[in-house]
Amino acid sequence: MKEDLVILRHSTSHLMAQAVKELFPEVKVAIGPAIDTGFYYDFDYDPGFTEEDLVKIEERMREIAKRDLPIVRRMVKKEEALEMFRQAGERFKVELLEAIDDDEVSLYTQEGFTDLCRGPHVASTGQLKTFKLLSLAGAYWRGDEKNKMLTRIYGTAFPDEESLKEYLQFIEEVKKRDHRRLGKELELFSISDEVGAGLVIYHPNGAVLRYILEDFERKEHLKRGYQFVVGPQILKVDMWKKSGHYENYRENMYFTKVDDVDYGIKPMNCVSHIMVYKSKIRSYRDLPLRYFELGTVCRHEKSGVLHGLLRVREFTQDDAHIFLRQDQLHEEIVKIIEFVQDVMKIFNFEFEMEISTRPEEKFIGSIEDWDKAEKVLKDVLDDQGLPYDINEGDGAFYGPKIDIKLKDAIGRKWQCATIQCDFALPERFDLHYVDSDGKRKRPVMLHRVILGALERFIGVLIEHYGGRFPVWLAPIQAILMNITDGQEEYLKAIYARMIDEGIRVELDTRNEKLGLKIRESMVRKIPYMVIAGKKEMEANVISVRMRDGEELKNIDVKDFIKRIQEENLARR
RNA sequence: GCCGACGUAGCUCAGGGGUAGAGCAGCUCACUCGUAAUGAGCAGGUCGCGAGUUCGACUCUCGCCGUCGGCUCCA
């Protein structure tokens, strides 16, 4: 974000805090930074704000802006500032101050309101014109769920009306693309409270989309030397104790007991894949071994985090576990990154990468192994000249990882693919291979997903394409429509032919006007509308209208079928 | 899990202490029609679930479930 935009937004958040203090003097202020989409400020106010309060606060902000109060910076001794905020009962500011090491701190004052702040700020409140308060939310003090929940107000600010308007239009666009809304409109999936929160029910259109993706994935994995394996849905609890999941991941797992034996429903697919590896003695020549499974897992995610398809409790990963020698690690990770690049190009996603390192607590394996693994990950990305961010302490409990964040058609980021390095599970399960010197050695394990979870990926795809899936992914590729009863038989024959050619086609011979049929198909975002009236039938051709308005008049059915089949292969 | 808002017909939503309403969708009939909504009629609801207050609750109170916006967490 540009520096002056940060200053503008940060200043607007101070303006909001001042307005809040004027209207609700008993409120205590916490922090109010600029963020990518605007700004927020956290307040401690026990009754909480209402939507109406938001309107009042915004009005007061405009009034204060009109007063054009100068914003003055002042350096004071830390002790002096502490005394001041203590007197005012601003306990959050006191807590912040106590954590600051410097002798002097800067204060920013605009008539009647002083905030502890590094700054910088605009010169006066009169410069703040184009802003809007957006929403209310709860937020833990310092982001820690053990702390008090404060009330956060989100708003946004821009240098001019034009860009504010643009941003508000962007919010509208985001709403239009919302996969939950499109999922309903396009009859892709549903989530029923009777069935359970976070459990997805695929309807025919969504199920066929999923089937296409699965089919695509199987082919892509076979091409790259992966082998298919399939593991059970439930495994004995002892297995999860051995793997460390019971210790580190139990609160996210579902359990069941049958005939006095405890089972855990799998939250990850690795254990079965490890059992395949362990089933016989492996030679150094066998490695790398790449086991792939479209593995369905269950994780008890906290109720508040569930979100359409993007965060669910049962989902299917395009999961693989690769068993390999240390010396193969670098090359294999390069291959996986190339795999991700190939696949994301097909869906037209750009992406960014992040490396997550060892957590402070809740990890297995030695610190030495962690350091080794982290180094390999960094080396690969450095060698490939790929930029990345470091996410300290954000690794999985069994190893560090590279996370890949997709950037969709309107610039939003989504986490899907991940490559996780694991020295710990091979140790726990005592995996080995026989090396060229005849000695037993420990393999390394990579956990990786390309699309991530099919549910999440489908959700992202829906928003990425705004429901207008490319032809190869479209649940319904073409819809046939007649103009009068006279063409019903003609279209039925064409329908049979297209179905036979593997095209996903629908037949609409209802006694309705063409305009209505076109409209309904447009709403459903079907790529091709095939129209046959008296004229087409007599000439033994069809007319095709595309969802972007383009038309193909009087073409041969054979040519049309060929066109769709080519698009299926080209994957555009 | 936490903070806040919300839950009325398949969908989108209005209403309000005296047992509910619109538009779209659905069904029936008429119309046989050329590129984004033909017309008329009919039918459709334990007002999320459970308890409490009340002569009476869909409306008020409490609890639960779920959804939405966030926080924390994550594929």
# chains A, B, ... in the order shown; residues from 1 in each chain; ligands from 1

call {"tool": "residues_around", "arguments": {"residues": "U12 of chain B", "least_positions_apart": "6", "cutoff": "12 Å", "atoms": "only C-alpha atoms (C1' of nucleotides)", "output": "number ranges by chain"}}
result
A: 181, 185; B: 22-25

call {"tool": "write_last_selection", "arguments": {"atoms": "all heavy atoms", "output": "short mmCIF file (atom, residue, chain, number, x, y, z; two decimals), in the first residue's frame"}}
result
data_model
loop_
_atom_site.label_atom_id
_atom_site.label_comp_id
_atom_site.auth_asym_id
_atom_site.auth_seq_id
_atom_site.Cartn_x
_atom_site.Cartn_y
_atom_site.Cartn_z
N ARG A 181 -23.93 -17.84 -2.88
CA ARG A 181 -25.07 -17.37 -3.65
C ARG A 181 -25.11 -18.07 -5.01
O ARG A 181 -26.15 -18.62 -5.41
CB ARG A 181 -24.89 -15.86 -3.83
CG ARG A 181 -25.83 -15.21 -4.78
CD ARG A 181 -25.49 -13.74 -4.81
NE ARG A 181 -26.21 -13.06 -5.86
CZ ARG A 181 -26.38 -11.75 -5.89
NH1 ARG A 181 -25.87 -11.00 -4.93
NH2 ARG A 181 -27.05 -11.19 -6.87
N GLU A 185 -27.86 -20.49 -6.85
CA GLU A 185 -28.46 -20.10 -8.13
C GLU A 185 -28.15 -21.09 -9.25
O GLU A 185 -29.00 -21.36 -10.09
CB GLU A 185 -27.93 -18.71 -8.54
CG GLU A 185 -28.56 -17.59 -7.75
CD GLU A 185 -27.92 -16.23 -8.03
OE1 GLU A 185 -27.09 -16.14 -8.96
OE2 GLU A 185 -28.26 -15.28 -7.32
P A B 22 -50.46 -12.45 -1.02
OP1 A B 22 -51.60 -12.26 -1.93
OP2 A B 22 -49.98 -13.82 -0.69
"O5'" A B 22 -49.23 -11.60 -1.58
"C5'" A B 22 -49.39 -10.20 -1.82
"C4'" A B 22 -48.09 -9.63 -2.30
"O4'" A B 22 -47.11 -9.69 -1.23
"C3'" A B 22 -47.45 -10.38 -3.45
"O3'" A B 22 -48.00 -10.01 -4.69
"C2'" A B 22 -45.99 -9.95 -3.31
"O2'" A B 22 -45.79 -8.66 -3.82
"C1'" A B 22 -45.82 -9.92 -1.79
N9 A B 22 -45.30 -11.18 -1.24
C8 A B 22 -46.00 -12.20 -0.65
N7 A B 22 -45.25 -13.19 -0.24
C5 A B 22 -43.96 -12.79 -0.57
C6 A B 22 -42.71 -13.40 -0.39
N6 A B 22 -42.54 -14.59 0.20
N1 A B 22 -41.62 -12.75 -0.83
C2 A B 22 -41.79 -11.55 -1.41
N3 A B 22 -42.91 -10.86 -1.64
C4 A B 22 -43.97 -11.56 -1.18
P G B 23 -48.00 -11.05 -5.92
OP1 G B 23 -48.87 -10.50 -6.97
OP2 G B 23 -48.24 -12.41 -5.40
"O5'" G B 23 -46.48 -10.98 -6.41
"C5'" G B 23 -45.97 -9.80 -7.03
"C4'" G B 23 -44.49 -9.95 -7.25
"O4'" G B 23 -43.84 -10.04 -5.94
"C3'" G B 23 -44.07 -11.23 -7.95
"O3'" G B 23 -44.17 -11.12 -9.36
"C2'" G B 23 -42.63 -11.37 -7.48
"O2'" G B 23 -41.76 -10.51 -8.17
"C1'" G B 23 -42.75 -10.95 -6.02
N9 G B 23 -43.03 -12.11 -5.15
C8 G B 23 -44.25 -12.53 -4.67
N7 G B 23 -44.17 -13.61 -3.94
C5 G B 23 -42.82 -13.91 -3.92
C6 G B 23 -42.13 -14.98 -3.29
O6 G B 23 -42.59 -15.89 -2.60
N1 G B 23 -40.76 -14.92 -3.55
C2 G B 23 -40.14 -13.96 -4.31
N2 G B 23 -38.83 -14.08 -4.44
N3 G B 23 -40.77 -12.95 -4.90
C4 G B 23 -42.10 -13.00 -4.67
P C B 24 -44.54 -12.41 -10.25
OP1 C B 24 -44.71 -11.95 -11.64
OP2 C B 24 -45.64 -13.12 -9.56
"O5'" C B 24 -43.24 -13.32 -10.15
"C5'" C B 24 -42.02 -12.93 -10.79
"C4'" C B 24 -40.88 -13.79 -10.32
"O4'" C B 24 -40.76 -13.69 -8.88
"C3'" C B 24 -41.03 -15.29 -10.56
"O3'" C B 24 -40.73 -15.68 -11.89
"C2'" C B 24 -40.02 -15.84 -9.56
"O2'" C B 24 -38.70 -15.68 -10.01
"C1'" C B 24 -40.28 -14.93 -8.37
N1 C B 24 -41.29 -15.53 -7.46
C2 C B 24 -40.88 -16.56 -6.62
O2 C B 24 -39.70 -16.94 -6.65
N3 C B 24 -41.79 -17.15 -5.81
C4 C B 24 -43.06 -16.74 -5.81
N4 C B 24 -43.91 -17.35 -5.00
C5 C B 24 -43.51 -15.68 -6.66
C6 C B 24 -42.60 -15.10 -7.46
P A B 25 -41.50 -16.91 -12.56
OP1 A B 25 -40.98 -17.06 -13.94
OP2 A B 25 -42.95 -16.72 -12.33
"O5'" A B 25 -41.02 -18.15 -11.68
"C5'" A B 25 -39.71 -18.70 -11.83
"C4'" A B 25 -39.50 -19.82 -10.83
"O4'" A B 25 -39.71 -19.31 -9.49
"C3'" A B 25 -40.48 -20.99 -10.94
"O3'" A B 25 -40.08 -21.92 -11.93
"C2'" A B 25 -40.40 -21.57 -9.54
"O2'" A B 25 -39.24 -22.33 -9.35
"C1'" A B 25 -40.35 -20.30 -8.70
N9 A B 25 -41.70 -19.84 -8.36
C8 A B 25 -42.37 -18.76 -8.85
N7 A B 25 -43.59 -18.63 -8.36
C5 A B 25 -43.71 -19.69 -7.49
C6 A B 25 -44.77 -20.11 -6.66
N6 A B 25 -45.94 -19.48 -6.57
N1 A B 25 -44.58 -21.23 -5.93
C2 A B 25 -43.41 -21.87 -6.02
N3 A B 25 -42.33 -21.57 -6.77
C4 A B 25 -42.56 -20.46 -7.48
#

call {"tool": "residues_around", "arguments": {"residues": "Val376 of chain A", "least_positions_apart": "5", "cutoff": "9 Å", "atoms": "only C-alpha atoms (C1' of nucleotides)", "output": "JSON list (two decimals) with all heavy atoms, in the first residue's frame"}}
result
[["chain", "number", "residue", "atom", "x", "y", "z"],
["A", 329, "LEU", "N", 15.34, -34.54, -2.35],
["A", 329, "LEU", "CA", 14.36, -33.59, -1.84],
["A", 329, "LEU", "C", 14.25, -32.35, -2.73],
["A", 329, "LEU", "O", 13.16, -31.95, -3.15],
["A", 329, "LEU", "CB", 14.78, -33.19, -0.42],
["A", 329, "LEU", "CG", 13.72, -32.71, 0.54],
["A", 329, "LEU", "CD1", 12.49, -33.60, 0.51],
["A", 329, "LEU", "CD2", 14.29, -32.69, 1.96],
["A", 330, "HIS", "N", 15.40, -31.79, -3.02],
["A", 330, "HIS", "CA", 15.44, -30.56, -3.80],
["A", 330, "HIS", "C", 14.74, -30.73, -5.15],
["A", 330, "HIS", "O", 13.81, -29.99, -5.48],
["A", 330, "HIS", "CB", 16.90, -30.15, -3.97],
["A", 330, "HIS", "CG", 17.08, -28.76, -4.48],
["A", 330, "HIS", "ND1", 16.83, -28.40, -5.78],
["A", 330, "HIS", "CD2", 17.47, -27.62, -3.85],
["A", 330, "HIS", "CE1", 17.08, -27.12, -5.94],
["A", 330, "HIS", "NE2", 17.45, -26.61, -4.78],
["A", 371, "ASP", "N", 15.38, -27.45, 11.13],
["A", 371, "ASP", "CA", 16.28, -26.48, 10.50],
["A", 371, "ASP", "C", 16.72, -26.95, 9.12],
["A", 371, "ASP", "O", 16.74, -26.18, 8.16],
["A", 371, "ASP", "CB", 17.51, -26.24, 11.38],
["A", 371, "ASP", "CG", 17.14, -25.51, 12.68],
["A", 371, "ASP", "OD1", 16.01, -24.96, 12.73],
["A", 371, "ASP", "OD2", 17.95, -25.50, 13.62],
["A", 381, "LEU", "N", 13.36, -22.46, -3.48],
["A", 381, "LEU", "CA", 12.73, -21.24, -4.00],
["A", 381, "LEU", "C", 13.79, -20.23, -4.43],
["A", 381, "LEU", "O", 13.62, -19.54, -5.44],
["A", 381, "LEU", "CB", 11.78, -20.64, -2.95],
["A", 381, "LEU", "CG", 10.58, -21.51, -2.60],
["A", 381, "LEU", "CD1", 9.61, -20.76, -1.70],
["A", 381, "LEU", "CD2", 9.84, -22.00, -3.83]]

call {"tool": "residues_around", "arguments": {"residues": "Glu173 of chain A", "least_positions_apart": "4", "cutoff": "12 Å", "atoms": "only C-alpha atoms (C1' of nucleotides)", "output": "PDB file with N, CA, C and O atoms, in the first residue's frame"}}
result
ATOM      1  N   GLU A 166     -15.208   3.291  -6.609  1.00  0.00           N
ATOM      2  CA  GLU A 166     -14.656   2.095  -7.235  1.00  0.00           C
ATOM      3  C   GLU A 166     -14.566   0.945  -6.233  1.00  0.00           C
ATOM      4  O   GLU A 166     -14.903  -0.185  -6.551  1.00  0.00           O
ATOM      5  N   TYR A 167     -14.106   1.272  -5.016  1.00  0.00           N
ATOM      6  CA  TYR A 167     -13.975   0.238  -4.003  1.00  0.00           C
ATOM      7  C   TYR A 167     -15.339  -0.320  -3.601  1.00  0.00           C
ATOM      8  O   TYR A 167     -15.502  -1.527  -3.436  1.00  0.00           O
ATOM      9  N   LEU A 168     -16.322   0.575  -3.457  1.00  0.00           N
ATOM     10  CA  LEU A 168     -17.658   0.113  -3.077  1.00  0.00           C
ATOM     11  C   LEU A 168     -18.249  -0.759  -4.180  1.00  0.00           C
ATOM     12  O   LEU A 168     -18.963  -1.727  -3.908  1.00  0.00           O
ATOM     13  N   GLN A 169     -17.910  -0.421  -5.437  1.00  0.00           N
ATOM     14  CA  GLN A 169     -18.363  -1.264  -6.551  1.00  0.00           C
ATOM     15  C   GLN A 169     -17.682  -2.633  -6.493  1.00  0.00           C
ATOM     16  O   GLN A 169     -18.303  -3.650  -6.801  1.00  0.00           O
ATOM     17  N   ARG A 177     -20.256 -12.411  -6.903  1.00  0.00           N
ATOM     18  CA  ARG A 177     -19.500 -13.623  -7.185  1.00  0.00           C
ATOM     19  C   ARG A 177     -19.542 -14.610  -6.032  1.00  0.00           C
ATOM     20  O   ARG A 177     -19.028 -15.718  -6.176  1.00  0.00           O
ATOM     21  N   ASP A 178     -20.113 -14.250  -4.918  1.00  0.00           N
ATOM     22  CA  ASP A 178     -20.107 -15.099  -3.725  1.00  0.00           C
ATOM     23  C   ASP A 178     -20.526 -16.535  -4.078  1.00  0.00           C
ATOM     24  O   ASP A 178     -21.611 -16.761  -4.582  1.00  0.00           O
ATOM     25  N   HIS A 179     -19.647 -17.489  -3.786  1.00  0.00           N
ATOM     26  CA  HIS A 179     -19.914 -18.861  -4.203  1.00  0.00           C
ATOM     27  C   HIS A 179     -21.129 -19.459  -3.501  1.00  0.00           C
ATOM     28  O   HIS A 179     -21.740 -20.383  -4.018  1.00  0.00           O
ATOM     29  N   ALA A 409      -9.436 -13.838 -10.240  1.00  0.00           N
ATOM     30  CA  ALA A 409      -9.694 -12.879 -11.313  1.00  0.00           C
ATOM     31  C   ALA A 409      -9.849 -11.453 -10.807  1.00  0.00           C
ATOM     32  O   ALA A 409      -9.577 -10.498 -11.536  1.00  0.00           O
ATOM     33  N   ILE A 410     -10.283 -11.273  -9.564  1.00  0.00           N
ATOM     34  CA  ILE A 410     -10.423  -9.902  -9.080  1.00  0.00           C
ATOM     35  C   ILE A 410      -9.424  -9.603  -7.971  1.00  0.00           C
ATOM     36  O   ILE A 410      -9.640  -8.721  -7.142  1.00  0.00           O
ATOM     37  N   GLY A 411      -8.314 -10.353  -7.961  1.00  0.00           N
ATOM     38  CA  GLY A 411      -7.186  -9.988  -7.124  1.00  0.00           C
ATOM     39  C   GLY A 411      -7.195 -10.495  -5.697  1.00  0.00           C
ATOM     40  O   GLY A 411      -6.331 -10.149  -4.910  1.00  0.00           O
ATOM     41  N   ARG A 412      -8.187 -11.317  -5.332  1.00  0.00           N
ATOM     42  CA  ARG A 412      -8.216 -11.827  -3.965  1.00  0.00           C
ATOM     43  C   ARG A 412      -7.310 -13.048  -3.844  1.00  0.00           C
ATOM     44  O   ARG A 412      -7.095 -13.763  -4.816  1.00  0.00           O
ATOM     45  N   GLU A 463     -15.971 -18.332  -7.561  1.00  0.00           N
ATOM     46  CA  GLU A 463     -15.781 -16.891  -7.416  1.00  0.00           C
ATOM     47  C   GLU A 463     -14.828 -16.352  -8.486  1.00  0.00           C
ATOM     48  O   GLU A 463     -15.018 -15.249  -8.998  1.00  0.00           O
ATOM     49  N   HIS A 464     -13.822 -17.122  -8.804  1.00  0.00           N
ATOM     50  CA  HIS A 464     -12.837 -16.740  -9.820  1.00  0.00           C
ATOM     51  C   HIS A 464     -13.523 -16.498 -11.163  1.00  0.00           C
ATOM     52  O   HIS A 464     -13.291 -15.494 -11.827  1.00  0.00           O
ATOM     53  N   TYR A 465     -14.378 -17.433 -11.537  1.00  0.00           N
ATOM     54  CA  TYR A 465     -15.061 -17.322 -12.832  1.00  0.00           C
ATOM     55  C   TYR A 465     -16.406 -16.602 -12.715  1.00  0.00           C
ATOM     56  O   TYR A 465     -17.072 -16.391 -13.720  1.00  0.00           O
ATOM     57  N   GLY A 466     -16.793 -16.240 -11.513  1.00  0.00           N
ATOM     58  CA  GLY A 466     -18.106 -15.618 -11.327  1.00  0.00           C
ATOM     59  C   GLY A 466     -19.233 -16.511 -11.827  1.00  0.00           C
ATOM     60  O   GLY A 466     -20.275 -16.030 -12.271  1.00  0.00           O
TER      61      GLY A 466
END

call {"tool": "interface_residues", "arguments": {"of": "chain A", "to": "chain B", "cutoff": "6 Å", "atoms": "only C-alpha atoms (C1' of nucleotides)", "output": "PyMOL selection string"}}
result
chain A and resi 137-140+145+193+452-453+484+513+516+519

call {"tool": "write_last_selection", "arguments": {"atoms": "C-alpha atoms", "output": "compact mmCIF listing (two decimals), in the first residue's frame"}}
result
# COMPACT_ATOMS: atom_id res chain seq x y z
CA ALA A 137 -17.10 -7.02 14.51
CA GLY A 138 -15.66 -8.56 17.62
CA ALA A 139 -11.89 -8.81 17.97
CA TYR A 140 -9.69 -10.07 20.78
CA GLU A 145 -8.49 -15.49 22.35
CA ASP A 193 -28.53 -27.45 8.96
CA GLY A 452 -5.85 -28.40 -1.81
CA ALA A 453 -9.35 -29.40 -0.87
CA THR A 484 -42.24 -24.49 -31.93
CA LYS A 513 -41.13 -18.35 -25.95
CA LEU A 516 -37.70 -16.86 -21.98
CA ARG A 519 -33.05 -15.59 -20.51

call {"tool": "residues_around", "arguments": {"residues": "U28 of chain B", "least_positions_apart": "6", "cutoff": "10 Å", "atoms": "only C-alpha atoms (C1' of nucleotides)", "output": "mmCIF file with N, CA, C and O atoms (P, O5', C5', C4', C3', O3' and C1' of nucleotides), in the first residue's frame"}}
result
data_model
loop_
_atom_site.group_PDB
_atom_site.id
_atom_site.type_symbol
_atom_site.label_atom_id
_atom_site.label_comp_id
_atom_site.auth_asym_id
_atom_site.auth_seq_id
_atom_site.Cartn_x
_atom_site.Cartn_y
_atom_site.Cartn_z
ATOM 1 P P G B 41 -56.340 -13.999 -12.240
ATOM 2 O "O5'" G B 41 -56.552 -15.544 -11.912
ATOM 3 C "C5'" G B 41 -57.865 -16.089 -11.846
ATOM 4 C "C4'" G B 41 -57.800 -17.595 -11.824
ATOM 5 C "C3'" G B 41 -57.227 -18.223 -10.556
ATOM 6 O "O3'" G B 41 -58.178 -18.289 -9.502
ATOM 7 C "C1'" G B 41 -56.236 -19.243 -12.426
ATOM 8 P P C B 42 -57.697 -18.264 -7.964
ATOM 9 O "O5'" C B 42 -57.037 -19.711 -7.775
ATOM 10 C "C5'" C B 42 -57.831 -20.893 -7.911
ATOM 11 C "C4'" C B 42 -56.944 -22.106 -7.850
ATOM 12 C "C3'" C B 42 -56.146 -22.259 -6.557
ATOM 13 O "O3'" C B 42 -56.923 -22.879 -5.542
ATOM 14 C "C1'" C B 42 -54.712 -22.609 -8.409
ATOM 15 P P A B 43 -56.636 -22.537 -3.999
ATOM 16 O "O5'" A B 43 -55.291 -23.351 -3.693
ATOM 17 C "C5'" A B 43 -55.290 -24.777 -3.731
ATOM 18 C "C4'" A B 43 -53.868 -25.282 -3.824
ATOM 19 C "C3'" A B 43 -52.976 -24.910 -2.647
ATOM 20 O "O3'" A B 43 -53.121 -25.828 -1.579
ATOM 21 C "C1'" A B 43 -51.859 -24.403 -4.667
#

call {"tool": "closest_residue", "arguments": {"among": "A:Val305, A:Leu209, A:Val20, A:Leu97", "to": "Ile153 of chain A", "atoms": "only C-alpha atoms"}}
result
A:Val20

call {"tool": "closest_residue", "arguments": {"among": "B:C27, B:G17, B:A40, B:G10", "to": "U53 of chain B", "atoms": "only C-alpha atoms (C1' of nucleotides)"}}
result
B:G17

call {"tool": "residues_around", "arguments": {"residues": "Phe24 of chain A", "least_positions_apart": "4", "cutoff": "10 Å", "atoms": "only C-alpha atoms (C1' of nucleotides)", "output": "count of residues only"}}
result
8

call {"tool": "residues_around", "arguments": {"residues": "Ala88 of chain A", "least_positions_apart": "3", "cutoff": "12 Å", "atoms": "only C-alpha atoms (C1' of nucleotides)", "output": "ChimeraX atom specification"}}
result
/A:21,25-29,81-85,91-94,113-115

call {"tool": "write_last_selection", "arguments": {"atoms": "all heavy atoms", "output": "short mmCIF file (atom, residue, chain, number, x, y, z; two decimals), in the first residue's frame"}}
result
data_model
loop_
_atom_site.label_atom_id
_atom_site.label_comp_id
_atom_site.auth_asym_id
_atom_site.auth_seq_id
_atom_site.Cartn_x
_atom_site.Cartn_y
_atom_site.Cartn_z
N LYS A 21 -15.26 8.84 21.01
CA LYS A 21 -15.05 9.38 22.35
C LYS A 21 -15.99 10.55 22.64
O LYS A 21 -16.44 10.72 23.77
CB LYS A 21 -13.59 9.82 22.55
CG LYS A 21 -12.59 8.69 22.66
CD LYS A 21 -12.68 7.91 23.97
CE LYS A 21 -11.97 8.59 25.11
NZ LYS A 21 -11.96 7.74 26.33
N PRO A 25 -18.28 8.93 25.86
CA PRO A 25 -17.06 9.24 26.61
C PRO A 25 -16.53 8.06 27.43
O PRO A 25 -15.35 7.99 27.72
CB PRO A 25 -17.50 10.37 27.52
CG PRO A 25 -18.74 10.92 26.92
CD PRO A 25 -19.40 9.80 26.20
N GLU A 26 -17.40 7.11 27.80
CA GLU A 26 -16.94 6.01 28.65
C GLU A 26 -16.15 4.95 27.89
O GLU A 26 -15.56 4.06 28.49
CB GLU A 26 -18.14 5.37 29.37
CG GLU A 26 -19.12 4.62 28.49
CD GLU A 26 -20.20 5.52 27.86
OE1 GLU A 26 -19.88 6.68 27.50
OE2 GLU A 26 -21.34 5.06 27.73
N VAL A 27 -16.15 5.04 26.57
CA VAL A 27 -15.43 4.05 25.76
C VAL A 27 -13.93 4.18 25.96
O VAL A 27 -13.39 5.27 26.06
CB VAL A 27 -15.77 4.25 24.26
CG1 VAL A 27 -14.83 3.45 23.37
CG2 VAL A 27 -17.22 3.87 23.99
N LYS A 28 -13.25 3.01 26.04
CA LYS A 28 -11.79 3.00 26.09
C LYS A 28 -11.29 2.58 24.71
O LYS A 28 -11.87 1.68 24.09
CB LYS A 28 -11.27 2.01 27.14
CG LYS A 28 -11.79 2.29 28.55
CD LYS A 28 -11.36 3.67 29.05
CE LYS A 28 -12.02 4.00 30.38
NZ LYS A 28 -12.32 5.45 30.48
N VAL A 29 -10.23 3.25 24.27
CA VAL A 29 -9.73 2.95 22.92
C VAL A 29 -8.57 1.96 22.99
O VAL A 29 -7.80 1.96 23.94
CB VAL A 29 -9.29 4.24 22.19
CG1 VAL A 29 -10.47 5.16 21.98
CG2 VAL A 29 -8.19 4.96 22.95
N ALA A 81 3.67 10.13 29.40
CA ALA A 81 2.56 9.57 28.63
C ALA A 81 1.82 8.52 29.45
O ALA A 81 0.58 8.48 29.48
CB ALA A 81 3.10 8.96 27.34
N LEU A 82 2.59 7.69 30.15
CA LEU A 82 1.98 6.66 30.98
C LEU A 82 1.04 7.27 32.01
O LEU A 82 -0.09 6.82 32.19
CB LEU A 82 3.09 5.90 31.73
CG LEU A 82 3.53 4.57 31.13
CD1 LEU A 82 4.75 4.04 31.87
CD2 LEU A 82 2.40 3.56 31.16
N GLU A 83 1.53 8.33 32.65
CA GLU A 83 0.75 9.01 33.68
C GLU A 83 -0.55 9.54 33.08
O GLU A 83 -1.63 9.36 33.64
CB GLU A 83 1.59 10.14 34.28
CG GLU A 83 1.00 10.77 35.52
CD GLU A 83 0.54 9.73 36.55
OE1 GLU A 83 1.21 8.70 36.71
OE2 GLU A 83 -0.52 9.98 37.18
N MET A 84 -0.40 10.13 31.91
CA MET A 84 -1.56 10.74 31.25
C MET A 84 -2.64 9.70 30.93
O MET A 84 -3.82 9.88 31.22
CB MET A 84 -1.07 11.40 29.96
CG MET A 84 -2.06 12.33 29.34
SD MET A 84 -1.46 12.78 27.71
CE MET A 84 -2.43 11.68 26.74
N PHE A 85 -2.23 8.58 30.32
CA PHE A 85 -3.21 7.56 29.93
C PHE A 85 -3.76 6.83 31.16
O PHE A 85 -4.91 6.41 31.16
CB PHE A 85 -2.60 6.57 28.94
CG PHE A 85 -2.46 7.15 27.56
CD1 PHE A 85 -1.21 7.39 26.99
CD2 PHE A 85 -3.60 7.48 26.81
CE1 PHE A 85 -1.10 7.93 25.72
CE2 PHE A 85 -3.49 8.02 25.54
CZ PHE A 85 -2.23 8.25 24.99
N ARG A 91 -6.61 1.85 29.73
CA ARG A 91 -5.72 0.78 30.14
C ARG A 91 -5.01 0.09 28.98
O ARG A 91 -3.90 -0.45 29.14
CB ARG A 91 -6.47 -0.25 30.98
CG ARG A 91 -7.53 -1.04 30.25
CD ARG A 91 -8.18 -2.03 31.22
NE ARG A 91 -9.15 -2.87 30.55
CZ ARG A 91 -8.88 -4.08 30.09
NH1 ARG A 91 -7.68 -4.58 30.19
NH2 ARG A 91 -9.83 -4.80 29.49
N PHE A 92 -5.63 0.12 27.79
CA PHE A 92 -4.97 -0.52 26.65
C PHE A 92 -3.75 0.28 26.21
O PHE A 92 -2.71 -0.27 25.88
CB PHE A 92 -5.96 -0.69 25.49
CG PHE A 92 -7.14 -1.52 25.88
CD1 PHE A 92 -8.37 -0.92 26.15
CD2 PHE A 92 -7.02 -2.89 26.01
CE1 PHE A 92 -9.46 -1.68 26.54
CE2 PHE A 92 -8.10 -3.67 26.40
CZ PHE A 92 -9.32 -3.06 26.67
N LYS A 93 -3.89 1.59 26.25
CA LYS A 93 -2.76 2.45 25.89
C LYS A 93 -1.62 2.28 26.90
O LYS A 93 -0.45 2.25 26.52
CB LYS A 93 -3.19 3.92 25.85
CG LYS A 93 -4.21 4.24 24.75
CD LYS A 93 -3.62 4.08 23.37
CE LYS A 93 -4.71 4.21 22.31
NZ LYS A 93 -4.25 3.78 20.98
N VAL A 94 -2.01 2.15 28.16
CA VAL A 94 -1.01 1.95 29.21
C VAL A 94 -0.25 0.66 28.94
O VAL A 94 0.98 0.60 28.97
CB VAL A 94 -1.68 1.91 30.60
CG1 VAL A 94 -0.69 1.46 31.67
CG2 VAL A 94 -2.26 3.28 30.94
N PHE A 113 -8.67 15.21 21.62
CA PHE A 113 -8.40 13.77 21.49
C PHE A 113 -6.91 13.55 21.26
O PHE A 113 -6.33 14.10 20.32
CB PHE A 113 -9.19 13.17 20.33
CG PHE A 113 -8.88 11.71 20.11
CD1 PHE A 113 -9.34 10.73 20.98
CD2 PHE A 113 -8.12 11.32 19.02
CE1 PHE A 113 -9.04 9.40 20.78
CE2 PHE A 113 -7.82 9.97 18.81
CZ PHE A 113 -8.28 9.01 19.68
N THR A 114 -6.30 12.79 22.17
CA THR A 114 -4.87 12.51 22.04
C THR A 114 -4.67 11.01 21.99
O THR A 114 -5.28 10.26 22.76
CB THR A 114 -4.12 13.08 23.25
OG1 THR A 114 -4.24 14.51 23.23
CG2 THR A 114 -2.64 12.72 23.19
N ASP A 115 -3.85 10.57 21.04
CA ASP A 115 -3.61 9.14 20.89
C ASP A 115 -2.12 8.87 20.87
O ASP A 115 -1.34 9.68 20.35
CB ASP A 115 -4.24 8.64 19.59
CG ASP A 115 -4.55 7.15 19.69
OD1 ASP A 115 -4.10 6.50 20.64
OD2 ASP A 115 -5.26 6.65 18.80
#
